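Engineer: Just passing along the structure, written as structure tokens.
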Amino acid sequence: MATLERLRNRSGILITVVIGLALFAFILQDFIGGGGASDGSDIEIAKIGGKSVSYQFYQSKMDHLINLNKALTGQGSVDEQTAEQIKEEVWTDIVREQILGKGIEDLGIVISSDELFDMVQGVNIHPFIRQQFGNRQTGEFDRNFMIQFLKNKDNDPSGLQNSYWLYMEDLIQKDRIGAKYNNLVKKGMFVTSLQAKRSAADRSRKVDFDFIMKRYTTIEDSTIVVTEKELKAYYEKLKNEYEQKASRDIEYVLFPIDPSTDDYQLAEKWIKEIAPDFAAATDAGQFANLNSDIPFNSKYLNQSEISNPELAKWAFNAKVGEMFGPAFDGDSYLLSRITEIVTLSDSVKARHILLATNGQPADSSIKLKNKADSIMRVLKRGESFARLASRFSDDPGSASKGGDLGWFGEGIMVKPFNDACFNGKKGDITLVESQFGFHIIEILDKSKPSKKVQLANLERKVIPSTRTYQQVFAQASEFAGMNNTFEKFNEALQANRKLVKRSAPNLKPSDRKIAGLENPIEMIRWAYNAKKHQVSSAFEIGQNFVVAVLTEVREDGFAPLAQIENDIKAKLIRDKKAEMLIAEMNGKLAPDKNLEVVGQELGVTVQNASRVSFATFSLPAAGFEPVVIASSLQAKEGKLSGPIKGNSGVFALIVTSTNIEEVDEIGEKNRIIGGYVSRATYEPFEALKKRAKIVDKRAKYF
């Protein structure tokens, strides 16, 4: 179990590693031979490349990783964030296997037994194995620890060690297969010498030019007519540009579940009624623990550590047993009694030797206590504390430093350890027991003592009562019922300025967050089952009731014309303006005219751009204009060029100078290959995903 405990201490790495490796990992089992596909009786949560993925299969994968995580962390459950991470990584693995699994097999990409041994115990230890079985002090791979684990894993009655090992083996094989596949794709990337030469020539050319620009905004949109026929023709011609993923837009209003005036009065009444009993209590700390919303904190405080200024001032002028309050503090009513006044140091420097129990049985604990007593006797005979700490301490962080913990403040260490250090004297060597084991402590130094107080605080938080909760729910429900159409919803918000409309655009089915709302999954699911302009009932989300209206619906596939009509209309208006401005500019351009004269006739000024190349992103005063930049690099020096249709207007230009800077062809070839290689790690898979036409229905069930 000691080996397992050592691994458990590293369990925080588990999810991080899963996330890091699953980005290019593939499941090697389950799907091969048809596993994971539904037989028709299971609930289908997805379809990938025409194959069904069942709810049961997906859930079983999640359960396996969740149970492994709980066992390794020693926790009875996983938090919401960890569960979400596991869910997404299981999905990533399933998608990759469905898309690439058969292709990986056909390519002959495998991990041999010799290769697996090499990653685990050979020369080329896998980074994950090195991390899990590394020496904490040196960071080096601990081969003995690895061998010990492999020998003992089958003797673990819980089966956890063996499960964890199978998980690690699977993980490193996924990683290696992913790396092999990516390398195979990368090796296929090639740049010819002619391509590199052409690219180097393009990048070597830099030009300076003068230009004029007649902006589209000089023509009013209202003067341009776009017909329904033109809209449909444009849409059909460029329909592929409007492919989209499913998303929803919602608008919503909050009804906060805040305490009412009655709730404040009830809390104040309660604190006043209990004040005499608190003042008379013989054990104020125990009384606070039994009655306060905040448990008793036994820490001794200096004045700066008391957050309430009035309480801080009072505490350092009052006597033991005296009481402060009632007073309102933050969101609570407060009573405070001084239970003790002491003179203590703010910080202590100490070192220790830890003999860890690690949850061992009682007889082992007795043996550790006897061992600790023996070490204490050796220390009293003058043996080096640092040498004994390096040899016997189970705290690796301090053992390598002779047990030295440095300086620490009160409350940092567990209570038995803390009390021994702050109540002892410099030079004391003492033995205490905590939940971690037995500590042999030497107090090396203490800061100058100062006055401190121990306070027993009795707090009553002001929280919404059941009555308040019901009243807010009634308000939200009434709003939803009375304003059950899109028009009424907006009219009600216009009439009631206290209600603020908020928006959540582009919500994906897998989204789990909306800024300012706590766990809005139920509302997102509603948005995917509602009709456009439908108003919801009242959702309880965190400390709010929420009423929403669905304002936009986008489905997977091509956006319908009605949804993007305004966008297409704007482009058609721009194109028609371009035709008008090009005709106008053509009437002014002539070989014998210079650019300034043309500019004056068009009512625009001449501007200039310098050192423009194919790497240039934008033009001064014009912005992103790739067509204009490309035209300038193809134009002959001294010759007027135009009209050129740009993004923001119609241009004419004249190149004033050309500069050729030498670009190394080999370096250019390496630059292009580098770009290909960086794209090769994700673009091929993204293209395959697109072709697979994935239908993800998980949001309906998870």
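Chain labels A, B, ... are given in the sequence in which chains occur in the structure tokens; within each chain residues are numbered consecutively from 1, and ligands are likewise numbered from 1 in the order shown.
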Skip A:Phe385 itself and residues of its chain fewer than 2 positions away, then list as a ChimeraX atom specification all residues within 9 Å of it, counting only C-alpha atoms.
Structural biologist: /A:351-353,379,382-383,387-390,402-403,442
Engineer: Could you list, with a cut-off of 10 Å and counting only C-alpha atoms, the residues of stretch 184-282 of chain A near stretch 642-648 of chain A, each shown with its nearest atom pair and the distance in Å rounded to one decimal, rows sorted by chain and ascending number, as a tab-separated table?
Structural biologist:
residue	atom	partner	partner_atom	distance
A:Phe211	CA	A:Gly642	CA	9.6
A:Ile212	CA	A:Gly642	CA	9.7
A:Met213	CA	A:Ser648	CA	8.5
A:Lys214	CA	A:Ser648	CA	8.5
A:Arg215	CA	A:Ser648	CA	5.9
A:Tyr216	CA	A:Ser648	CA	6.3
A:Thr217	CA	A:Ser648	CA	8.3
Engineer: Would you put the residues from that selection into a file with N, CA and C atoms, as a PDB file, in the first residue's frame?
Structural biologist:
ATOM      1  N   PHE A 211      -1.223  56.150 -53.627  1.00  0.00           N
ATOM      2  CA  PHE A 211      -2.537  55.630 -54.007  1.00  0.00           C
ATOM      3  C   PHE A 211      -3.639  56.619 -53.628  1.00  0.00           C
ATOM      4  N   ILE A 212      -4.750  56.478 -54.337  1.00  0.00           N
ATOM      5  CA  ILE A 212      -5.971  57.190 -53.970  1.00  0.00           C
ATOM      6  C   ILE A 212      -7.055  56.153 -53.730  1.00  0.00           C
ATOM      7  N   MET A 213      -8.036  56.506 -52.878  1.00  0.00           N
ATOM      8  CA  MET A 213      -9.095  55.560 -52.532  1.00  0.00           C
ATOM      9  C   MET A 213     -10.417  56.320 -52.462  1.00  0.00           C
ATOM     10  N   LYS A 214     -11.375  55.864 -53.216  1.00  0.00           N
ATOM     11  CA  LYS A 214     -12.735  56.400 -53.150  1.00  0.00           C
ATOM     12  C   LYS A 214     -13.554  55.405 -52.325  1.00  0.00           C
ATOM     13  N   ARG A 215     -13.946  55.815 -51.126  1.00  0.00           N
ATOM     14  CA  ARG A 215     -14.604  54.894 -50.199  1.00  0.00           C
ATOM     15  C   ARG A 215     -16.049  54.589 -50.614  1.00  0.00           C
ATOM     16  N   TYR A 216     -16.489  53.364 -50.260  1.00  0.00           N
ATOM     17  CA  TYR A 216     -17.866  52.968 -50.538  1.00  0.00           C
ATOM     18  C   TYR A 216     -18.856  53.828 -49.751  1.00  0.00           C
ATOM     19  N   THR A 217     -18.417  54.341 -48.614  1.00  0.00           N
ATOM     20  CA  THR A 217     -19.317  55.136 -47.771  1.00  0.00           C
ATOM     21  C   THR A 217     -19.700  56.472 -48.403  1.00  0.00           C
TER      22      THR A 217
END
Engineer: Once DSSP has gone over the backbone, tell me which residues of stretch 415-616 of chain A are in strand (DSSP E or B), as an MDAnalysis selection string.
Structural biologist: chainID A and resid 429:434 437:446 450:461 501:507 514 517 535 539:541 544:554 557:558 607:612
Engineer: Neighbouring residues of stretch 507-512 of chain A were defined as those with any atom within 7 Å, considering only C-alpha atoms; residues of the same chain fewer than 6 positions away were excluded. Please report them as a VMD selection string.
Structural biologist: chain A and resid 246 to 249 519 to 521 699
Engineer: Find the spatial neighbours of A:Lys272, counting only C-alpha atoms, within a cut-off of 10 Å - ignore same-chain residues fewer than 6 positions away - and output them as a CSV table (one decimal) with C-alpha atoms, in the first residue's frame.
Structural biologist:
chain,number,residue,atom,x,y,z
A,266,LEU,CA,-35.3,38.1,11.6
A,325,GLY,CA,-21.9,43.6,19.3
A,326,PRO,CA,-24.4,42.9,18.0
A,327,ALA,CA,-23.0,44.5,14.8
A,333,TYR,CA,-24.9,39.9,12.3
A,334,LEU,CA,-22.0,39.4,14.6
A,335,LEU,CA,-21.2,39.0,18.3
Engineer: As a VMD selection string, list the residues of stretch 306-485 of chain A assigned to helix (DSSP H, G or I) by DSSP on the backbone atoms of this structure.
Structural biologist: chain A and resid 309 to 315 362 to 380 385 to 392 396 to 399 415 to 423 466 to 482
Engineer: Rounded to one decimal in Å, what is the spacing between atom CA of A:Lys401 and atom CA of A:Val414?
Structural biologist: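 For atom CA of A:Lys401 relative to atom CA of A:Val414, the distance reads 20.6 Å.
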Engineer: Distance atom CA of A:Phe436-atom CA of A:Gly409, one decimal place?
Structural biologist: 19.5 Å
Engineer: I want to know what sits within 7 Å of A:Ser345, based on only C-alpha atoms, with residues of the same chain fewer than 2 positions away left out; could you give that as a list in words?
Structural biologist: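 Here the answer would be Ser347, Phe422, Lys446, Ser447, Lys448, Pro449 and Ser450 of chain A.
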Engineer: Pick out the closest residue to A:Lys319 from this set: A:Val549, A:Ile654, A:Val342, A:Ala578. Count only C-alpha atoms.
Structural biologist: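 Comparing A:Val549, A:Ile654, A:Val342, A:Ala578 against A:Lys319, the winner is A:Val342.
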Engineer: Residues near A:Gly122, anyone? I mean within 12 Å using only C-alpha atoms, not counting same-chain ones fewer than 3 positions away, as a PyMOL selection string.
Structural biologist: chain A and resi 113-119+125-126+129-130+141+143+146-147
Engineer: Show which residues sit within 12 Å of A:Tyr701, as a PDB file with all heavy atoms, in the first residue's frame. Count only C-alpha atoms, and ignore same-chain residues fewer than 5 positions away.
Structural biologist:
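Result file follows (around-v7.pdb):
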ATOM      1  N   ILE A  43     -29.698   3.941 -26.380  1.00  0.00           N
ATOM      2  CA  ILE A  43     -29.917   5.344 -26.714  1.00  0.00           C
ATOM      3  C   ILE A  43     -28.722   5.847 -27.509  1.00  0.00           C
ATOM      4  O   ILE A  43     -27.579   5.693 -27.100  1.00  0.00           O
ATOM      5  CB  ILE A  43     -30.086   6.171 -25.430  1.00  0.00           C
ATOM      6  CG1 ILE A  43     -31.311   5.709 -24.657  1.00  0.00           C
ATOM      7  CG2 ILE A  43     -30.188   7.662 -25.759  1.00  0.00           C
ATOM      8  CD1 ILE A  43     -31.445   6.344 -23.287  1.00  0.00           C
ATOM      9  N   GLU A  44     -29.001   6.450 -28.641  1.00  0.00           N
ATOM     10  CA  GLU A  44     -27.921   6.971 -29.484  1.00  0.00           C
ATOM     11  C   GLU A  44     -27.598   8.405 -29.059  1.00  0.00           C
ATOM     12  O   GLU A  44     -28.467   9.268 -29.057  1.00  0.00           O
ATOM     13  CB  GLU A  44     -28.338   6.940 -30.945  1.00  0.00           C
ATOM     14  CG  GLU A  44     -27.251   7.445 -31.893  1.00  0.00           C
ATOM     15  CD  GLU A  44     -27.717   7.449 -33.344  1.00  0.00           C
ATOM     16  OE1 GLU A  44     -28.388   8.432 -33.737  1.00  0.00           O
ATOM     17  OE2 GLU A  44     -27.427   6.482 -34.050  1.00  0.00           O
ATOM     18  N   ILE A  45     -26.320   8.650 -28.690  1.00  0.00           N
ATOM     19  CA  ILE A  45     -25.925  10.005 -28.298  1.00  0.00           C
ATOM     20  C   ILE A  45     -25.090  10.691 -29.375  1.00  0.00           C
ATOM     21  O   ILE A  45     -24.819  11.888 -29.273  1.00  0.00           O
ATOM     22  CB  ILE A  45     -25.139  10.010 -26.978  1.00  0.00           C
ATOM     23  CG1 ILE A  45     -23.811   9.259 -27.142  1.00  0.00           C
ATOM     24  CG2 ILE A  45     -25.960   9.439 -25.845  1.00  0.00           C
ATOM     25  CD1 ILE A  45     -22.786   9.625 -26.121  1.00  0.00           C
ATOM     26  N   ALA A  46     -24.692   9.940 -30.395  1.00  0.00           N
ATOM     27  CA  ALA A  46     -23.891  10.547 -31.464  1.00  0.00           C
ATOM     28  C   ALA A  46     -23.861   9.618 -32.662  1.00  0.00           C
ATOM     29  O   ALA A  46     -24.141   8.413 -32.561  1.00  0.00           O
ATOM     30  CB  ALA A  46     -22.465  10.814 -30.982  1.00  0.00           C
ATOM     31  N   SER A  54     -23.482   4.692 -28.569  1.00  0.00           N
ATOM     32  CA  SER A  54     -24.553   4.548 -27.593  1.00  0.00           C
ATOM     33  C   SER A  54     -24.249   5.285 -26.297  1.00  0.00           C
ATOM     34  O   SER A  54     -23.092   5.484 -25.917  1.00  0.00           O
ATOM     35  CB  SER A  54     -24.792   3.067 -27.280  1.00  0.00           C
ATOM     36  OG  SER A  54     -23.720   2.558 -26.494  1.00  0.00           O
ATOM     37  N   TYR A  55     -25.313   5.633 -25.612  1.00  0.00           N
ATOM     38  CA  TYR A  55     -25.216   6.268 -24.293  1.00  0.00           C
ATOM     39  C   TYR A  55     -24.462   5.349 -23.333  1.00  0.00           C
ATOM     40  O   TYR A  55     -23.591   5.794 -22.579  1.00  0.00           O
ATOM     41  CB  TYR A  55     -26.625   6.546 -23.775  1.00  0.00           C
ATOM     42  CG  TYR A  55     -26.682   7.121 -22.380  1.00  0.00           C
ATOM     43  CD1 TYR A  55     -26.833   8.489 -22.181  1.00  0.00           C
ATOM     44  CD2 TYR A  55     -26.603   6.296 -21.255  1.00  0.00           C
ATOM     45  CE1 TYR A  55     -26.893   9.027 -20.898  1.00  0.00           C
ATOM     46  CE2 TYR A  55     -26.662   6.819 -19.976  1.00  0.00           C
ATOM     47  CZ  TYR A  55     -26.799   8.184 -19.796  1.00  0.00           C
ATOM     48  OH  TYR A  55     -26.841   8.697 -18.529  1.00  0.00           O
ATOM     49  N   GLN A  56     -24.809   4.056 -23.355  1.00  0.00           N
ATOM     50  CA  GLN A  56     -24.211   3.114 -22.416  1.00  0.00           C
ATOM     51  C   GLN A  56     -22.705   3.010 -22.608  1.00  0.00           C
ATOM     52  O   GLN A  56     -21.938   2.955 -21.634  1.00  0.00           O
ATOM     53  CB  GLN A  56     -24.859   1.728 -22.576  1.00  0.00           C
ATOM     54  CG  GLN A  56     -26.285   1.651 -22.058  1.00  0.00           C
ATOM     55  CD  GLN A  56     -27.309   2.162 -23.066  1.00  0.00           C
ATOM     56  OE1 GLN A  56     -26.957   2.740 -24.098  1.00  0.00           O
ATOM     57  NE2 GLN A  56     -28.588   1.943 -22.776  1.00  0.00           N
ATOM     58  N   TYR A  58     -20.632   5.254 -23.978  1.00  0.00           N
ATOM     59  CA  TYR A  58     -20.001   6.522 -23.585  1.00  0.00           C
ATOM     60  C   TYR A  58     -19.960   6.646 -22.059  1.00  0.00           C
ATOM     61  O   TYR A  58     -18.934   7.011 -21.477  1.00  0.00           O
ATOM     62  CB  TYR A  58     -20.793   7.669 -24.198  1.00  0.00           C
ATOM     63  CG  TYR A  58     -20.242   9.047 -23.935  1.00  0.00           C
ATOM     64  CD1 TYR A  58     -19.092   9.486 -24.578  1.00  0.00           C
ATOM     65  CD2 TYR A  58     -20.887   9.918 -23.066  1.00  0.00           C
ATOM     66  CE1 TYR A  58     -18.598  10.762 -24.352  1.00  0.00           C
ATOM     67  CE2 TYR A  58     -20.399  11.190 -22.838  1.00  0.00           C
ATOM     68  CZ  TYR A  58     -19.254  11.609 -23.481  1.00  0.00           C
ATOM     69  OH  TYR A  58     -18.759  12.869 -23.252  1.00  0.00           O
ATOM     70  N   GLN A  59     -21.068   6.306 -21.400  1.00  0.00           N
ATOM     71  CA  GLN A  59     -21.135   6.406 -19.943  1.00  0.00           C
ATOM     72  C   GLN A  59     -20.156   5.449 -19.278  1.00  0.00           C
ATOM     73  O   GLN A  59     -19.529   5.784 -18.261  1.00  0.00           O
ATOM     74  CB  GLN A  59     -22.555   6.115 -19.466  1.00  0.00           C
ATOM     75  CG  GLN A  59     -22.772   6.323 -17.967  1.00  0.00           C
ATOM     76  CD  GLN A  59     -22.632   7.767 -17.552  1.00  0.00           C
ATOM     77  OE1 GLN A  59     -23.314   8.632 -18.078  1.00  0.00           O
ATOM     78  NE2 GLN A  59     -21.728   8.040 -16.619  1.00  0.00           N
ATOM     79  N   PRO A 509     -24.300  23.345 -28.264  1.00  0.00           N
ATOM     80  CA  PRO A 509     -24.959  22.290 -27.472  1.00  0.00           C
ATOM     81  C   PRO A 509     -24.118  21.814 -26.298  1.00  0.00           C
ATOM     82  O   PRO A 509     -24.652  21.411 -25.277  1.00  0.00           O
ATOM     83  CB  PRO A 509     -25.168  21.162 -28.498  1.00  0.00           C
ATOM     84  CG  PRO A 509     -25.121  21.827 -29.830  1.00  0.00           C
ATOM     85  CD  PRO A 509     -24.186  22.985 -29.690  1.00  0.00           C
ATOM     86  N   SER A 510     -22.795  21.856 -26.457  1.00  0.00           N
ATOM     87  CA  SER A 510     -21.899  21.361 -25.401  1.00  0.00           C
ATOM     88  C   SER A 510     -21.522  22.430 -24.385  1.00  0.00           C
ATOM     89  O   SER A 510     -20.815  22.144 -23.422  1.00  0.00           O
ATOM     90  CB  SER A 510     -20.617  20.808 -26.036  1.00  0.00           C
ATOM     91  OG  SER A 510     -19.963  21.817 -26.800  1.00  0.00           O
ATOM     92  N   ILE A 521     -26.933  24.756 -17.344  1.00  0.00           N
ATOM     93  CA  ILE A 521     -27.106  23.671 -18.319  1.00  0.00           C
ATOM     94  C   ILE A 521     -28.576  23.476 -18.689  1.00  0.00           C
ATOM     95  O   ILE A 521     -28.914  23.282 -19.859  1.00  0.00           O
ATOM     96  CB  ILE A 521     -26.510  22.357 -17.761  1.00  0.00           C
ATOM     97  CG1 ILE A 521     -24.990  22.506 -17.571  1.00  0.00           C
ATOM     98  CG2 ILE A 521     -26.805  21.193 -18.695  1.00  0.00           C
ATOM     99  CD1 ILE A 521     -24.338  21.315 -16.913  1.00  0.00           C
ATOM    100  N   GLU A 522     -29.457  23.542 -17.687  1.00  0.00           N
ATOM    101  CA  GLU A 522     -30.886  23.314 -17.952  1.00  0.00           C
ATOM    102  C   GLU A 522     -31.422  24.337 -18.953  1.00  0.00           C
ATOM    103  O   GLU A 522     -32.202  23.991 -19.856  1.00  0.00           O
ATOM    104  CB  GLU A 522     -31.670  23.399 -16.638  1.00  0.00           C
ATOM    105  CG  GLU A 522     -33.150  23.062 -16.793  1.00  0.00           C
ATOM    106  CD  GLU A 522     -33.931  23.227 -15.498  1.00  0.00           C
ATOM    107  OE1 GLU A 522     -33.311  23.545 -14.461  1.00  0.00           O
ATOM    108  OE2 GLU A 522     -35.155  23.056 -15.535  1.00  0.00           O
ATOM    109  N   ARG A 525     -30.132  23.523 -22.499  1.00  0.00           N
ATOM    110  CA  ARG A 525     -30.889  22.400 -23.069  1.00  0.00           C
ATOM    111  C   ARG A 525     -32.262  22.863 -23.560  1.00  0.00           C
ATOM    112  O   ARG A 525     -32.744  22.439 -24.609  1.00  0.00           O
ATOM    113  CB  ARG A 525     -31.043  21.299 -22.019  1.00  0.00           C
ATOM    114  CG  ARG A 525     -29.780  20.480 -21.796  1.00  0.00           C
ATOM    115  CD  ARG A 525     -30.003  19.429 -20.742  1.00  0.00           C
ATOM    116  NE  ARG A 525     -28.796  18.648 -20.513  1.00  0.00           N
ATOM    117  CZ  ARG A 525     -28.598  17.890 -19.430  1.00  0.00           C
ATOM    118  NH1 ARG A 525     -29.531  17.814 -18.504  1.00  0.00           N
ATOM    119  NH2 ARG A 525     -27.466  17.214 -19.292  1.00  0.00           N
ATOM    120  N   ASP A 696     -23.623  15.212 -32.926  1.00  0.00           N
ATOM    121  CA  ASP A 696     -23.382  15.128 -31.481  1.00  0.00           C
ATOM    122  C   ASP A 696     -24.661  15.466 -30.725  1.00  0.00           C
ATOM    123  O   ASP A 696     -25.113  16.603 -30.716  1.00  0.00           O
ATOM    124  CB  ASP A 696     -22.253  16.106 -31.109  1.00  0.00           C
ATOM    125  CG  ASP A 696     -21.871  16.026 -29.642  1.00  0.00           C
ATOM    126  OD1 ASP A 696     -22.460  15.205 -28.914  1.00  0.00           O
ATOM    127  OD2 ASP A 696     -20.978  16.789 -29.214  1.00  0.00           O
TER     128      ASP A 696
END
Engineer: I'd like to know which of A:Lys531, A:Arg679, A:Lys369, A:Arg497 is closest to A:Val185, using only C-alpha atoms.
Structural biologist: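 Using only C-alpha atoms, the shortest distance to A:Val185 belongs to A:Arg679.
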Engineer: What separation in Å, quoted to one decimal, exists between atom CA of A:Asn484 and atom CA of A:Asn529?
Structural biologist: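 Rounded to one decimal, the two atoms are 16.3 Å apart.
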Engineer: With the cut-off set at 12 Å and counting only C-alpha atoms, tabulate each residue of stretch 250-325 of chain A with an atom at most that distance from an atom of stretch 457-481 of chain A, showing the nearest atom pair and its distance in Å to one decimal, ordered by chain and increasing number, as CSV.
Structural biologist:
residue,atom,partner,partner_atom,distance
A:Tyr252,CA,A:Ala480,CA,10.7
A:Val253,CA,A:Ala476,CA,9.1
A:Leu254,CA,A:Ala476,CA,8.3
A:Phe255,CA,A:Ala476,CA,6.3
A:Pro256,CA,A:Val472,CA,7.5
A:Ile257,CA,A:Tyr469,CA,6.3
A:Asp258,CA,A:Pro464,CA,5.9
A:Pro259,CA,A:Pro464,CA,4.2
A:Ser260,CA,A:Thr468,CA,6.4
A:Thr261,CA,A:Thr468,CA,9.6
A:Asp262,CA,A:Thr468,CA,8.6
A:Asp263,CA,A:Pro464,CA,6.3
A:Tyr264,CA,A:Val462,CA,5.9
A:Gln265,CA,A:Val462,CA,9.1
A:Leu266,CA,A:Val462,CA,8.5
A:Ala267,CA,A:Val462,CA,6.0
A:Glu268,CA,A:Arg460,CA,8.2
A:Lys269,CA,A:Arg460,CA,10.2
A:Trp270,CA,A:Arg460,CA,7.9
A:Ile271,CA,A:Arg460,CA,6.8
A:Lys272,CA,A:Arg460,CA,10.5
A:Glu273,CA,A:Arg460,CA,11.8
A:Ile274,CA,A:Leu458,CA,9.6
A:Ala275,CA,A:Leu458,CA,9.2
A:Asp277,CA,A:Leu458,CA,11.4
A:Phe278,CA,A:Leu458,CA,8.3
A:Ala279,CA,A:Leu458,CA,10.8
A:Ala284,CA,A:Asn457,CA,8.5
A:Gly285,CA,A:Asn457,CA,7.9
A:Gln286,CA,A:Leu458,CA,10.4
A:Phe287,CA,A:Leu458,CA,8.3
A:Ala288,CA,A:Leu458,CA,5.1
A:Asn289,CA,A:Leu458,CA,8.1
A:Leu290,CA,A:Leu458,CA,9.5
A:Asn291,CA,A:Leu458,CA,7.1
A:Ser292,CA,A:Leu458,CA,4.8
A:Asp293,CA,A:Glu459,CA,5.6
A:Ile294,CA,A:Glu459,CA,6.3
A:Pro295,CA,A:Asn457,CA,8.2
A:Phe296,CA,A:Asn457,CA,6.7
A:Asn297,CA,A:Asn457,CA,8.2
A:Ser298,CA,A:Asn457,CA,10.3
A:Lys299,CA,A:Asn457,CA,11.8
A:Ile306,CA,A:Asn457,CA,11.4
A:Asn308,CA,A:Asn457,CA,11.9
A:Leu311,CA,A:Asn457,CA,10.6
A:Ala315,CA,A:Asn457,CA,11.8
A:Met323,CA,A:Asn457,CA,9.6
A:Phe324,CA,A:Asn457,CA,9.3
A:Gly325,CA,A:Leu458,CA,9.9
Engineer: Counting only C-alpha atoms, which of A:Gly437, A:Pro560, A:Gly623, A:Pro505 gets nearest to A:Ile250?
Structural biologist: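 Going through A:Gly437, A:Pro560, A:Gly623, A:Pro505 one by one, the smallest distance to A:Ile250 is for A:Pro505.
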